[in-house]
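Novice: Compact mmCIF, C-alpha atoms and all ligand atoms, saved as protein.txt, coming up:
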# COMPACT_ATOMS: atom_id res chain seq x y z
CA MET A 175 4.92 20.94 -1.03
CA SER A 176 6.70 18.23 -2.91
CA ARG A 177 6.08 14.69 -1.78
CA THR A 178 8.26 11.90 -3.16
CA PRO A 179 5.82 9.55 -4.90
CA SER A 180 5.66 6.04 -3.56
CA VAL A 181 4.76 2.99 -5.64
CA GLY A 182 4.03 -0.43 -4.19
CA ALA A 183 3.96 -3.77 -5.99
CA ASN A 184 1.33 -5.90 -4.29
CA TRP A 185 2.08 -9.40 -5.53
CA LYS A 186 -0.82 -10.87 -3.49
CA MET A 187 -0.95 -14.70 -3.43
CA ASN A 188 0.87 -15.16 -6.73
CA LEU A 189 4.19 -16.56 -7.96
CA ASP A 190 6.32 -19.44 -6.77
CA ARG A 191 9.73 -19.17 -5.18
CA ALA A 192 11.66 -19.10 -8.45
CA GLY A 193 9.14 -16.70 -9.99
CA ALA A 194 9.34 -14.34 -7.02
CA GLU A 195 13.12 -14.33 -7.19
CA ALA A 196 13.12 -13.70 -10.94
CA LEU A 197 10.53 -10.93 -10.74
CA ALA A 198 12.39 -9.25 -7.86
CA ARG A 199 15.61 -9.37 -9.87
CA ASP A 200 13.89 -7.95 -12.93
CA VAL A 201 12.25 -5.14 -10.96
CA CYS A 202 15.48 -4.24 -9.15
CA ASP A 203 17.56 -4.35 -12.34
CA ARG A 204 15.11 -2.39 -14.41
CA LEU A 205 14.48 0.35 -11.88
CA GLY A 206 18.16 0.86 -11.17
CA ASP A 207 19.30 2.37 -7.92
CA SER A 208 17.42 5.68 -8.23
CA PRO A 209 13.95 4.94 -9.53
CA GLY A 210 12.66 8.49 -8.89
CA ALA A 211 9.80 7.23 -6.76
CA GLU A 212 10.13 5.25 -3.57
CA VAL A 213 9.37 1.66 -4.57
CA ALA A 214 8.39 -1.28 -2.39
CA VAL A 215 7.47 -4.87 -3.20
CA PHE A 216 4.83 -6.57 -1.03
CA VAL A 217 5.85 -10.19 -1.12
CA PRO A 218 4.11 -13.39 0.05
CA PHE A 219 5.52 -14.38 3.49
CA PRO A 220 7.42 -17.50 2.36
CA TYR A 221 9.44 -15.56 -0.19
CA LEU A 222 10.44 -12.56 1.93
CA LEU A 223 13.95 -13.82 2.68
CA GLU A 224 14.60 -14.74 -0.94
CA VAL A 225 13.43 -11.38 -2.26
CA GLY A 226 15.32 -9.55 0.49
CA ARG A 227 18.48 -11.33 -0.64
CA VAL A 228 17.90 -10.23 -4.25
CA ILE A 229 17.40 -6.61 -3.16
CA ARG A 230 20.67 -6.72 -1.24
CA GLU A 231 22.58 -8.44 -4.03
CA THR A 232 21.44 -5.96 -6.65
CA GLY A 233 22.11 -2.96 -4.39
CA SER A 234 18.62 -1.75 -5.23
CA ALA A 235 16.74 0.96 -3.33
CA VAL A 236 13.57 -1.15 -3.56
CA ARG A 237 12.07 -1.67 -0.12
CA LEU A 238 10.92 -5.02 1.22
CA GLY A 239 7.28 -5.16 2.26
CA ALA A 240 4.83 -7.69 3.68
CA GLN A 241 1.14 -7.90 2.83
CA ASP A 242 -0.19 -8.30 6.35
CA LEU A 243 0.85 -8.66 10.00
CA SER A 244 -0.53 -9.84 13.31
CA GLU A 245 -1.70 -7.28 15.84
CA HIS A 246 -0.27 -9.59 18.55
CA ASP A 247 3.36 -9.84 19.67
CA ASN A 248 3.67 -13.62 19.89
CA GLY A 249 1.95 -16.69 21.28
CA ALA A 250 -0.88 -19.03 20.40
CA PHE A 251 -2.04 -17.45 17.13
CA THR A 252 -1.79 -20.27 14.62
CA GLY A 253 -1.00 -19.09 11.13
CA GLU A 254 -0.27 -15.49 12.10
CA VAL A 255 3.00 -13.63 11.49
CA SER A 256 4.32 -11.12 14.01
CA THR A 257 6.13 -7.86 13.38
CA ALA A 258 9.22 -9.29 15.13
CA MET A 259 9.27 -12.09 12.54
CA LEU A 260 8.85 -9.60 9.71
CA LEU A 261 11.67 -7.42 11.03
CA ASP A 262 13.80 -10.53 11.39
CA CYS A 263 13.28 -11.15 7.65
CA GLY A 264 14.34 -7.61 6.78
CA VAL A 265 10.86 -6.24 6.16
CA GLN A 266 10.64 -2.43 6.24
CA THR A 267 7.03 -1.74 5.37
CA VAL A 268 3.67 -3.51 5.58
CA LEU A 269 0.14 -3.20 4.24
CA ALA A 270 -2.75 -2.87 6.69
CA GLY A 271 -6.39 -3.14 5.71
CA HIS A 272 -6.05 -4.11 2.08
CA SER A 273 -9.56 -4.44 0.67
CA GLU A 274 -9.12 -8.19 0.23
CA ARG A 275 -8.34 -8.50 3.94
CA ARG A 276 -11.34 -6.33 4.81
CA HIS A 277 -13.88 -7.80 2.39
CA VAL A 278 -12.70 -11.36 1.71
CA ILE A 279 -11.14 -12.26 5.07
CA GLY A 280 -13.48 -10.01 7.08
CA GLU A 281 -11.10 -7.71 8.97
CA SER A 282 -12.86 -4.93 10.86
CA ASP A 283 -11.85 -1.27 10.93
CA GLN A 284 -10.76 -1.77 14.54
CA LEU A 285 -8.55 -4.74 13.71
CA VAL A 286 -6.95 -2.79 10.87
CA GLY A 287 -6.27 0.06 13.32
CA ALA A 288 -4.68 -2.35 15.80
CA LYS A 289 -2.46 -3.72 13.04
CA ALA A 290 -1.42 -0.24 11.89
CA ARG A 291 -0.48 0.71 15.45
CA LYS A 292 1.41 -2.55 15.96
CA ALA A 293 3.38 -1.97 12.76
CA LEU A 294 4.31 1.57 13.77
CA ASP A 295 5.12 0.62 17.37
CA SER A 296 7.44 -2.08 16.01
CA GLY A 297 9.31 0.36 13.79
CA LEU A 298 7.75 -0.64 10.47
CA ASP A 299 6.28 1.77 7.95
CA VAL A 300 2.67 1.12 7.10
CA ILE A 301 0.41 1.61 4.12
CA LEU A 302 -3.14 1.98 5.39
CA CYS A 303 -5.51 0.92 2.61
CA VAL A 304 -9.02 2.37 2.43
CA GLY A 305 -11.79 2.56 -0.13
CA GLU A 306 -15.47 2.10 -0.82
CA THR A 307 -17.37 -0.76 -2.47
CA LEU A 308 -19.43 -0.21 -5.62
CA GLU A 309 -22.64 -0.20 -3.56
CA GLN A 310 -21.23 2.41 -1.22
CA ARG A 311 -20.06 4.52 -4.15
CA GLN A 312 -23.47 4.37 -5.76
CA ALA A 313 -25.03 5.44 -2.47
CA GLY A 314 -22.73 8.50 -2.43
CA GLU A 315 -20.80 7.19 0.58
CA THR A 316 -17.25 7.29 -0.78
CA ASN A 317 -15.99 10.08 1.45
CA ALA A 318 -17.84 8.81 4.52
CA ILE A 319 -16.35 5.31 4.15
CA ASN A 320 -12.86 6.67 3.63
CA GLU A 321 -13.27 8.85 6.70
CA ARG A 322 -14.54 5.97 8.85
CA GLN A 323 -11.70 3.68 7.77
CA ILE A 324 -9.05 6.38 8.20
CA ARG A 325 -10.26 7.49 11.64
CA ALA A 326 -10.31 3.87 12.88
CA GLY A 327 -7.11 2.97 11.05
CA LEU A 328 -5.18 5.87 12.57
CA GLU A 329 -6.72 5.79 16.03
CA GLY A 330 -3.98 6.33 18.57
CA VAL A 331 -1.35 7.11 15.92
CA SER A 332 0.76 10.09 16.96
CA PRO A 333 1.65 12.96 14.62
CA GLY A 334 5.28 11.85 14.93
CA ASP A 335 4.45 8.37 13.67
CA MET A 336 2.47 9.75 10.74
CA ALA A 337 5.76 10.31 8.91
CA ARG A 338 5.83 6.51 8.49
CA VAL A 339 2.23 6.23 7.28
CA THR A 340 1.09 6.23 3.66
CA ILE A 341 -2.59 6.08 2.81
CA ALA A 342 -3.64 3.98 -0.20
CA TYR A 343 -7.03 4.93 -1.60
CA GLU A 344 -8.27 1.89 -3.48
CA PRO A 345 -11.92 1.85 -4.53
CA VAL A 346 -12.88 -1.80 -4.05
CA TRP A 347 -14.79 -1.93 -7.34
CA ALA A 348 -11.64 -0.91 -9.22
CA ILE A 349 -9.35 -3.58 -7.78
CA GLY A 350 -8.53 -6.32 -10.24
CA THR A 351 -11.56 -5.47 -12.38
CA GLY A 352 -10.02 -3.35 -15.12
CA MET A 353 -12.25 -0.45 -14.02
CA THR A 354 -10.43 2.62 -12.75
CA ALA A 355 -11.75 5.74 -11.09
CA THR A 356 -11.45 8.66 -13.49
CA PRO A 357 -8.44 10.81 -12.65
CA GLY A 358 -10.89 13.52 -11.58
CA ASP A 359 -12.85 11.22 -9.25
CA ALA A 360 -9.64 9.84 -7.78
CA GLN A 361 -8.26 13.35 -7.28
CA ASN A 362 -11.48 14.41 -5.50
CA ALA A 363 -11.28 11.45 -3.13
CA HIS A 364 -7.60 12.12 -2.45
CA ALA A 365 -8.17 15.83 -1.80
CA THR A 366 -10.98 14.94 0.63
CA ILE A 367 -8.70 12.48 2.42
CA ARG A 368 -6.00 15.14 2.67
CA ALA A 369 -8.50 17.60 4.14
CA LEU A 370 -9.52 14.94 6.67
CA LEU A 371 -5.87 14.41 7.68
CA ALA A 372 -5.54 18.19 8.09
CA SER A 373 -8.52 18.21 10.44
CA MET A 374 -7.25 15.18 12.40
CA PHE A 375 -3.64 16.37 12.65
CA SER A 376 -2.54 19.60 10.96
CA SER A 377 -2.46 20.99 7.47
CA ALA A 378 1.34 20.77 7.42
CA LEU A 379 1.18 17.08 8.28
CA ALA A 380 -1.56 16.49 5.70
CA GLN A 381 0.62 18.12 3.05
CA GLU A 382 3.46 15.78 3.90
CA THR A 383 1.46 12.54 3.94
CA ARG A 384 1.54 10.47 0.79
CA ILE A 385 -1.73 9.18 -0.61
CA GLN A 386 -1.39 6.42 -3.20
CA TYR A 387 -4.08 5.46 -5.67
CA GLY A 388 -4.78 1.79 -6.35
CA GLY A 389 -7.17 -0.20 -8.51
CA SER A 390 -6.36 -1.42 -12.04
CA VAL A 391 -3.48 1.00 -12.51
CA LYS A 392 -1.72 0.09 -15.77
CA PRO A 393 0.97 1.73 -17.91
CA GLY A 394 -1.80 3.17 -20.10
CA ASN A 395 -3.65 5.05 -17.34
CA ALA A 396 -0.83 5.70 -14.86
CA GLY A 397 0.34 8.98 -16.40
CA GLU A 398 -2.99 10.74 -16.05
CA LEU A 399 -3.62 9.39 -12.55
CA MET A 400 -0.14 10.19 -11.24
CA ALA A 401 -0.34 13.73 -12.65
CA GLN A 402 -3.17 14.61 -10.24
CA PRO A 403 -1.95 16.99 -7.54
CA ASP A 404 -3.07 14.85 -4.58
CA ILE A 405 -2.07 11.45 -6.01
CA ASP A 406 1.38 10.53 -4.74
CA GLY A 407 2.04 7.22 -6.45
CA GLY A 408 0.14 3.95 -6.54
CA LEU A 409 -0.42 0.52 -5.11
CA ILE A 410 -0.26 -1.87 -8.03
CA GLY A 411 -1.63 -5.41 -8.10
CA GLY A 412 -1.97 -7.20 -11.44
CA ALA A 413 0.38 -4.95 -13.39
CA SER A 414 3.12 -5.37 -10.78
CA LEU A 415 3.55 -9.01 -11.81
CA ASN A 416 5.13 -7.82 -15.05
CA ALA A 417 8.42 -5.99 -14.52
CA ASP A 418 8.07 -3.92 -17.73
CA ASP A 419 4.58 -2.74 -16.81
CA PHE A 420 5.58 -2.01 -13.25
CA ARG A 421 8.59 -0.03 -14.36
CA ALA A 422 6.44 1.98 -16.77
CA ILE A 423 4.07 2.85 -13.92
CA VAL A 424 6.94 3.93 -11.66
CA ARG A 425 8.33 6.04 -14.49
CA ALA A 426 4.91 7.67 -14.98
CA CYS A 427 5.21 9.33 -11.57
CA PRO A 428 6.10 13.00 -11.94
P1 LIG B 501 -4.97 -4.21 -9.07
O1 LIG B 501 -4.78 -4.38 -7.49
O2 LIG B 501 -3.91 -3.27 -9.55
O3 LIG B 501 -4.81 -5.60 -9.63
O4 LIG B 501 -6.35 -3.66 -9.29
C1 LIG B 501 -4.47 -3.27 -6.68
C2 LIG B 501 -4.40 -3.71 -5.24
O5 LIG B 501 -5.15 -4.59 -4.84
O6 LIG B 501 -3.60 -3.19 -4.45
Is it possible to give me this structure as structure tokens?

Specialist:
Amino acid sequence: MSRTPSVGANWKMNLDRAGAEALARDVCDRLGDSPGAEVAVFVPFPYLLEVGRVIRETGSAVRLGAQDLSEHDNGAFTGEVSTAMLLDCGVQTVLAGHSERRHVIGESDQLVGAKARKALDSGLDVILCVGETLEQRQAGETNAINERQIRAGLEGVSPGDMARVTIAYEPVWAIGTGMTATPGDAQNAHATIRALLASMFSSALAQETRIQYGGSVKPGNAGELMAQPDIDGGLIGGASLNADDFRAIVRACP
């Protein structure tokens, strides 16, 4: 089964307007119109329109993504951003349950599931992010945590909608720390996630679902990680802020 790899640039709360525009232009120019992998940039809300304009102007295949969404449609939710607003800005894909939202902001598994469903119901693609903390890893709980977060994150998601879901396995201890799971450890976690998807849906669906790896992916380690049979691309934080590094990671996908 060949899955087109998918690579996301998670810019987090970085850049200013001019910097976001310049980076978007650099990424779009450097990747050309057929990057080999499906590429998306996850842009801070205020810069979505600007980056969307750059993508259009350059004729790039890069997809426009947002880093979060509200599980509500509209109303008195100060500071929140709805899927209708995201769609209005040209957003095609969105992250749900990034570890910083879970562990810094305090989002629960249930809230992440509600957001994933809202994204899918609104017509957006979603990257459901899961992964264990260092403590949980040391306690041997990696697979149990991934399973808990995936079951809650995909609760009520139909097999038909799963075509628009990507899973991102991002061990929390590897995010922004310079530590990476070994390719073997990452592959084991990905294979276990794929087996879980097979048991929740079907083995055909599990074979079709992309599972990205994230956590300190850099040009120097991307090749070995992306070569693993169950790793289908990556979600890139720090290294995505440099267009050369990001391009090298995209190019490392088989
Ligand atoms: P990192 O971030 O590449 O800086 O570790 C990855 C992520 O948070 O998605």

Novice: Enumerate as a PyMOL selection string the residues within 9 Å of ligand LIG 501 (chain B), counting all atoms listed in the file.

Specialist: chain A and resi 182-186+272-274+303+342+344+346-354+387-392+408-414

Novice: Take the residues just selected and output them with C-alpha atoms as a PDB file, keeping the file's coordinate frame.

Specialist:
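Written out: part_36.pdb:
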ATOM      1  CA  GLY A 182       4.030  -0.430  -4.190  1.00  0.00           C
ATOM      2  CA  ALA A 183       3.960  -3.770  -5.990  1.00  0.00           C
ATOM      3  CA  ASN A 184       1.330  -5.900  -4.290  1.00  0.00           C
ATOM      4  CA  TRP A 185       2.080  -9.400  -5.530  1.00  0.00           C
ATOM      5  CA  LYS A 186      -0.820 -10.870  -3.490  1.00  0.00           C
ATOM      6  CA  HIS A 272      -6.050  -4.110   2.080  1.00  0.00           C
ATOM      7  CA  SER A 273      -9.560  -4.440   0.670  1.00  0.00           C
ATOM      8  CA  GLU A 274      -9.120  -8.190   0.230  1.00  0.00           C
ATOM      9  CA  CYS A 303      -5.510   0.920   2.610  1.00  0.00           C
ATOM     10  CA  ALA A 342      -3.640   3.980  -0.200  1.00  0.00           C
ATOM     11  CA  GLU A 344      -8.270   1.890  -3.480  1.00  0.00           C
ATOM     12  CA  VAL A 346     -12.880  -1.800  -4.050  1.00  0.00           C
ATOM     13  CA  TRP A 347     -14.790  -1.930  -7.340  1.00  0.00           C
ATOM     14  CA  ALA A 348     -11.640  -0.910  -9.220  1.00  0.00           C
ATOM     15  CA  ILE A 349      -9.350  -3.580  -7.780  1.00  0.00           C
ATOM     16  CA  GLY A 350      -8.530  -6.320 -10.240  1.00  0.00           C
ATOM     17  CA  THR A 351     -11.560  -5.470 -12.380  1.00  0.00           C
ATOM     18  CA  GLY A 352     -10.020  -3.350 -15.120  1.00  0.00           C
ATOM     19  CA  MET A 353     -12.250  -0.450 -14.020  1.00  0.00           C
ATOM     20  CA  THR A 354     -10.430   2.620 -12.750  1.00  0.00           C
ATOM     21  CA  TYR A 387      -4.080   5.460  -5.670  1.00  0.00           C
ATOM     22  CA  GLY A 388      -4.780   1.790  -6.350  1.00  0.00           C
ATOM     23  CA  GLY A 389      -7.170  -0.200  -8.510  1.00  0.00           C
ATOM     24  CA  SER A 390      -6.360  -1.420 -12.040  1.00  0.00           C
ATOM     25  CA  VAL A 391      -3.480   1.000 -12.510  1.00  0.00           C
ATOM     26  CA  LYS A 392      -1.720   0.090 -15.770  1.00  0.00           C
ATOM     27  CA  GLY A 408       0.140   3.950  -6.540  1.00  0.00           C
ATOM     28  CA  LEU A 409      -0.420   0.520  -5.110  1.00  0.00           C
ATOM     29  CA  ILE A 410      -0.260  -1.870  -8.030  1.00  0.00           C
ATOM     30  CA  GLY A 411      -1.630  -5.410  -8.100  1.00  0.00           C
ATOM     31  CA  GLY A 412      -1.970  -7.200 -11.440  1.00  0.00           C
ATOM     32  CA  ALA A 413       0.380  -4.950 -13.390  1.00  0.00           C
ATOM     33  CA  SER A 414       3.120  -5.370 -10.780  1.00  0.00           C
TER      34      SER A 414
END

Novice: Go through A:Asp247, A:Glu231, A:Glu224, A:Asp200 and flag the residue nearest Arg291 (chain A), using only C-alpha atoms for the distances.

Specialist: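 Counting only C-alpha atoms, the residue closest to Arg291 (chain A) is A:Asp247.
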
Novice: Under the rule that only C-alpha atoms are counted, which of A:Ala318, A:Val181, A:Ala192, A:Ala250 is the nearest residue to Leu205 (chain A)?

Specialist: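 Among the listed residues, the smallest separation from Leu205 (chain A) belongs to A:Val181.
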
Novice: Between CA of Gly280 (chain A) and CA of Thr267 (chain A), what is the distance, to one decimal in Å?

Specialist: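 Between CA of Gly280 (chain A) and CA of Thr267 (chain A) the gap works out to 22.2 Å.
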
Novice: Find the spatial neighbours of Gly287 (chain A), counting all atoms listed in the file, within a cut-off of 6 Å - ignore same-chain residues fewer than 3 positions away - and output them as a list in words.

Specialist: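 The neighbour list is Gln284, Ala290, Ala326, Gly327 and Leu328 of chain A.
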
Novice: To one decimal place in Å, what is the distance between CA of Ala211 (chain A) and CA of Arg338 (chain A)?

Specialist: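 Computing it gives 15.8 Å between the two atoms.
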
Novice: In Å, how far is it from CA of His364 (chain A) to CA of Val339 (chain A)?

Specialist: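 Atom-to-atom, CA of His364 (chain A) to CA of Val339 (chain A), that is 15.0 Å.
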
Novice: Could you give me, as a list in words, the residues that sit within 6 Å of (-7.9, 9.5, 12.5) in the file's coordinates, counting all atoms listed in the file?

Specialist: Ile324, Arg325, Leu328, Glu329 and Met374 of chain A

Novice: Go through A:His246, A:Ala355, A:Arg227, A:Pro209 one by one, measure the shortest atom-to-atom distance of each to Ala194 (chain A) using only C-alpha atoms, and give the residue with the smallest value.

Specialist: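 When distances to Ala194 (chain A) are compared using only C-alpha atoms, the smallest one comes from A:Arg227.
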
Novice: Could you tell me which of A:Gly210, A:Ala293, A:Pro345, A:Cys202 comes closest to Pro428 (chain A) if we count all atoms listed in the file?

Specialist: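 When distances to Pro428 (chain A) are compared using all atoms listed in the file, the smallest one comes from A:Gly210.
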
Novice: Could you rebuild region 333-356 of chain A with N, CA and C atoms and give it back as a PDB file, keeping the file's coordinate frame?

Specialist:
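Saved as selection-v7.pdb:
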ATOM      1  N   PRO A 333       1.167  12.183  15.769  1.00  0.00           N
ATOM      2  CA  PRO A 333       1.650  12.960  14.620  1.00  0.00           C
ATOM      3  C   PRO A 333       3.072  12.552  14.238  1.00  0.00           C
ATOM      4  N   GLY A 334       3.895  12.248  15.226  1.00  0.00           N
ATOM      5  CA  GLY A 334       5.280  11.850  14.930  1.00  0.00           C
ATOM      6  C   GLY A 334       5.338  10.582  14.097  1.00  0.00           C
ATOM      7  N   ASP A 335       4.451   9.637  14.412  1.00  0.00           N
ATOM      8  CA  ASP A 335       4.450   8.370  13.670  1.00  0.00           C
ATOM      9  C   ASP A 335       3.852   8.515  12.273  1.00  0.00           C
ATOM     10  N   MET A 336       3.106   9.582  12.056  1.00  0.00           N
ATOM     11  CA  MET A 336       2.470   9.750  10.740  1.00  0.00           C
ATOM     12  C   MET A 336       3.492   9.883   9.607  1.00  0.00           C
ATOM     13  N   ALA A 337       4.726  10.234   9.943  1.00  0.00           N
ATOM     14  CA  ALA A 337       5.760  10.310   8.910  1.00  0.00           C
ATOM     15  C   ALA A 337       5.998   8.936   8.283  1.00  0.00           C
ATOM     16  N   ARG A 338       5.605   7.874   9.002  1.00  0.00           N
ATOM     17  CA  ARG A 338       5.830   6.510   8.490  1.00  0.00           C
ATOM     18  C   ARG A 338       4.538   5.885   7.954  1.00  0.00           C
ATOM     19  N   VAL A 339       3.514   6.723   7.792  1.00  0.00           N
ATOM     20  CA  VAL A 339       2.230   6.230   7.280  1.00  0.00           C
ATOM     21  C   VAL A 339       1.997   6.756   5.865  1.00  0.00           C
ATOM     22  N   THR A 340       1.604   5.851   4.976  1.00  0.00           N
ATOM     23  CA  THR A 340       1.090   6.230   3.660  1.00  0.00           C
ATOM     24  C   THR A 340      -0.350   5.738   3.613  1.00  0.00           C
ATOM     25  N   ILE A 341      -1.209   6.534   3.021  1.00  0.00           N
ATOM     26  CA  ILE A 341      -2.590   6.080   2.810  1.00  0.00           C
ATOM     27  C   ILE A 341      -2.676   5.562   1.368  1.00  0.00           C
ATOM     28  N   ALA A 342      -3.349   4.437   1.170  1.00  0.00           N
ATOM     29  CA  ALA A 342      -3.640   3.980  -0.200  1.00  0.00           C
ATOM     30  C   ALA A 342      -5.151   4.019  -0.383  1.00  0.00           C
ATOM     31  N   TYR A 343      -5.602   4.905  -1.275  1.00  0.00           N
ATOM     32  CA  TYR A 343      -7.030   4.930  -1.600  1.00  0.00           C
ATOM     33  C   TYR A 343      -7.263   3.970  -2.767  1.00  0.00           C
ATOM     34  N   GLU A 344      -8.014   2.910  -2.467  1.00  0.00           N
ATOM     35  CA  GLU A 344      -8.270   1.890  -3.480  1.00  0.00           C
ATOM     36  C   GLU A 344      -9.762   1.576  -3.510  1.00  0.00           C
ATOM     37  N   PRO A 345     -10.502   2.198  -4.434  1.00  0.00           N
ATOM     38  CA  PRO A 345     -11.920   1.850  -4.530  1.00  0.00           C
ATOM     39  C   PRO A 345     -12.060   0.350  -4.812  1.00  0.00           C
ATOM     40  N   VAL A 346     -12.828  -0.329  -3.977  1.00  0.00           N
ATOM     41  CA  VAL A 346     -12.880  -1.800  -4.050  1.00  0.00           C
ATOM     42  C   VAL A 346     -13.316  -2.265  -5.428  1.00  0.00           C
ATOM     43  N   TRP A 347     -14.248  -1.543  -6.045  1.00  0.00           N
ATOM     44  CA  TRP A 347     -14.790  -1.930  -7.340  1.00  0.00           C
ATOM     45  C   TRP A 347     -13.770  -1.782  -8.464  1.00  0.00           C
ATOM     46  N   ALA A 348     -12.661  -1.113  -8.192  1.00  0.00           N
ATOM     47  CA  ALA A 348     -11.640  -0.910  -9.220  1.00  0.00           C
ATOM     48  C   ALA A 348     -10.492  -1.903  -9.095  1.00  0.00           C
ATOM     49  N   ILE A 349     -10.495  -2.703  -8.019  1.00  0.00           N
ATOM     50  CA  ILE A 349      -9.350  -3.580  -7.780  1.00  0.00           C
ATOM     51  C   ILE A 349      -9.493  -4.869  -8.579  1.00  0.00           C
ATOM     52  N   GLY A 350      -8.569  -5.077  -9.479  1.00  0.00           N
ATOM     53  CA  GLY A 350      -8.530  -6.320 -10.240  1.00  0.00           C
ATOM     54  C   GLY A 350      -9.655  -6.452 -11.256  1.00  0.00           C
ATOM     55  N   THR A 351     -10.391  -5.377 -11.500  1.00  0.00           N
ATOM     56  CA  THR A 351     -11.560  -5.470 -12.380  1.00  0.00           C
ATOM     57  C   THR A 351     -11.326  -4.837 -13.743  1.00  0.00           C
ATOM     58  N   GLY A 352     -10.234  -4.086 -13.879  1.00  0.00           N
ATOM     59  CA  GLY A 352     -10.020  -3.350 -15.120  1.00  0.00           C
ATOM     60  C   GLY A 352     -10.730  -2.005 -15.112  1.00  0.00           C
ATOM     61  N   MET A 353     -11.590  -1.768 -14.122  1.00  0.00           N
ATOM     62  CA  MET A 353     -12.250  -0.450 -14.020  1.00  0.00           C
ATOM     63  C   MET A 353     -11.375   0.449 -13.145  1.00  0.00           C
ATOM     64  N   THR A 354     -11.216   1.678 -13.562  1.00  0.00           N
ATOM     65  CA  THR A 354     -10.430   2.620 -12.750  1.00  0.00           C
ATOM     66  C   THR A 354     -11.317   3.825 -12.463  1.00  0.00           C
ATOM     67  N   ALA A 355     -11.094   4.453 -11.316  1.00  0.00           N
ATOM     68  CA  ALA A 355     -11.750   5.740 -11.090  1.00  0.00           C
ATOM     69  C   ALA A 355     -11.200   6.708 -12.133  1.00  0.00           C
ATOM     70  N   THR A 356     -12.012   7.652 -12.579  1.00  0.00           N
ATOM     71  CA  THR A 356     -11.450   8.660 -13.490  1.00  0.00           C
ATOM     72  C   THR A 356     -10.416   9.449 -12.702  1.00  0.00           C
TER      73      THR A 356
END
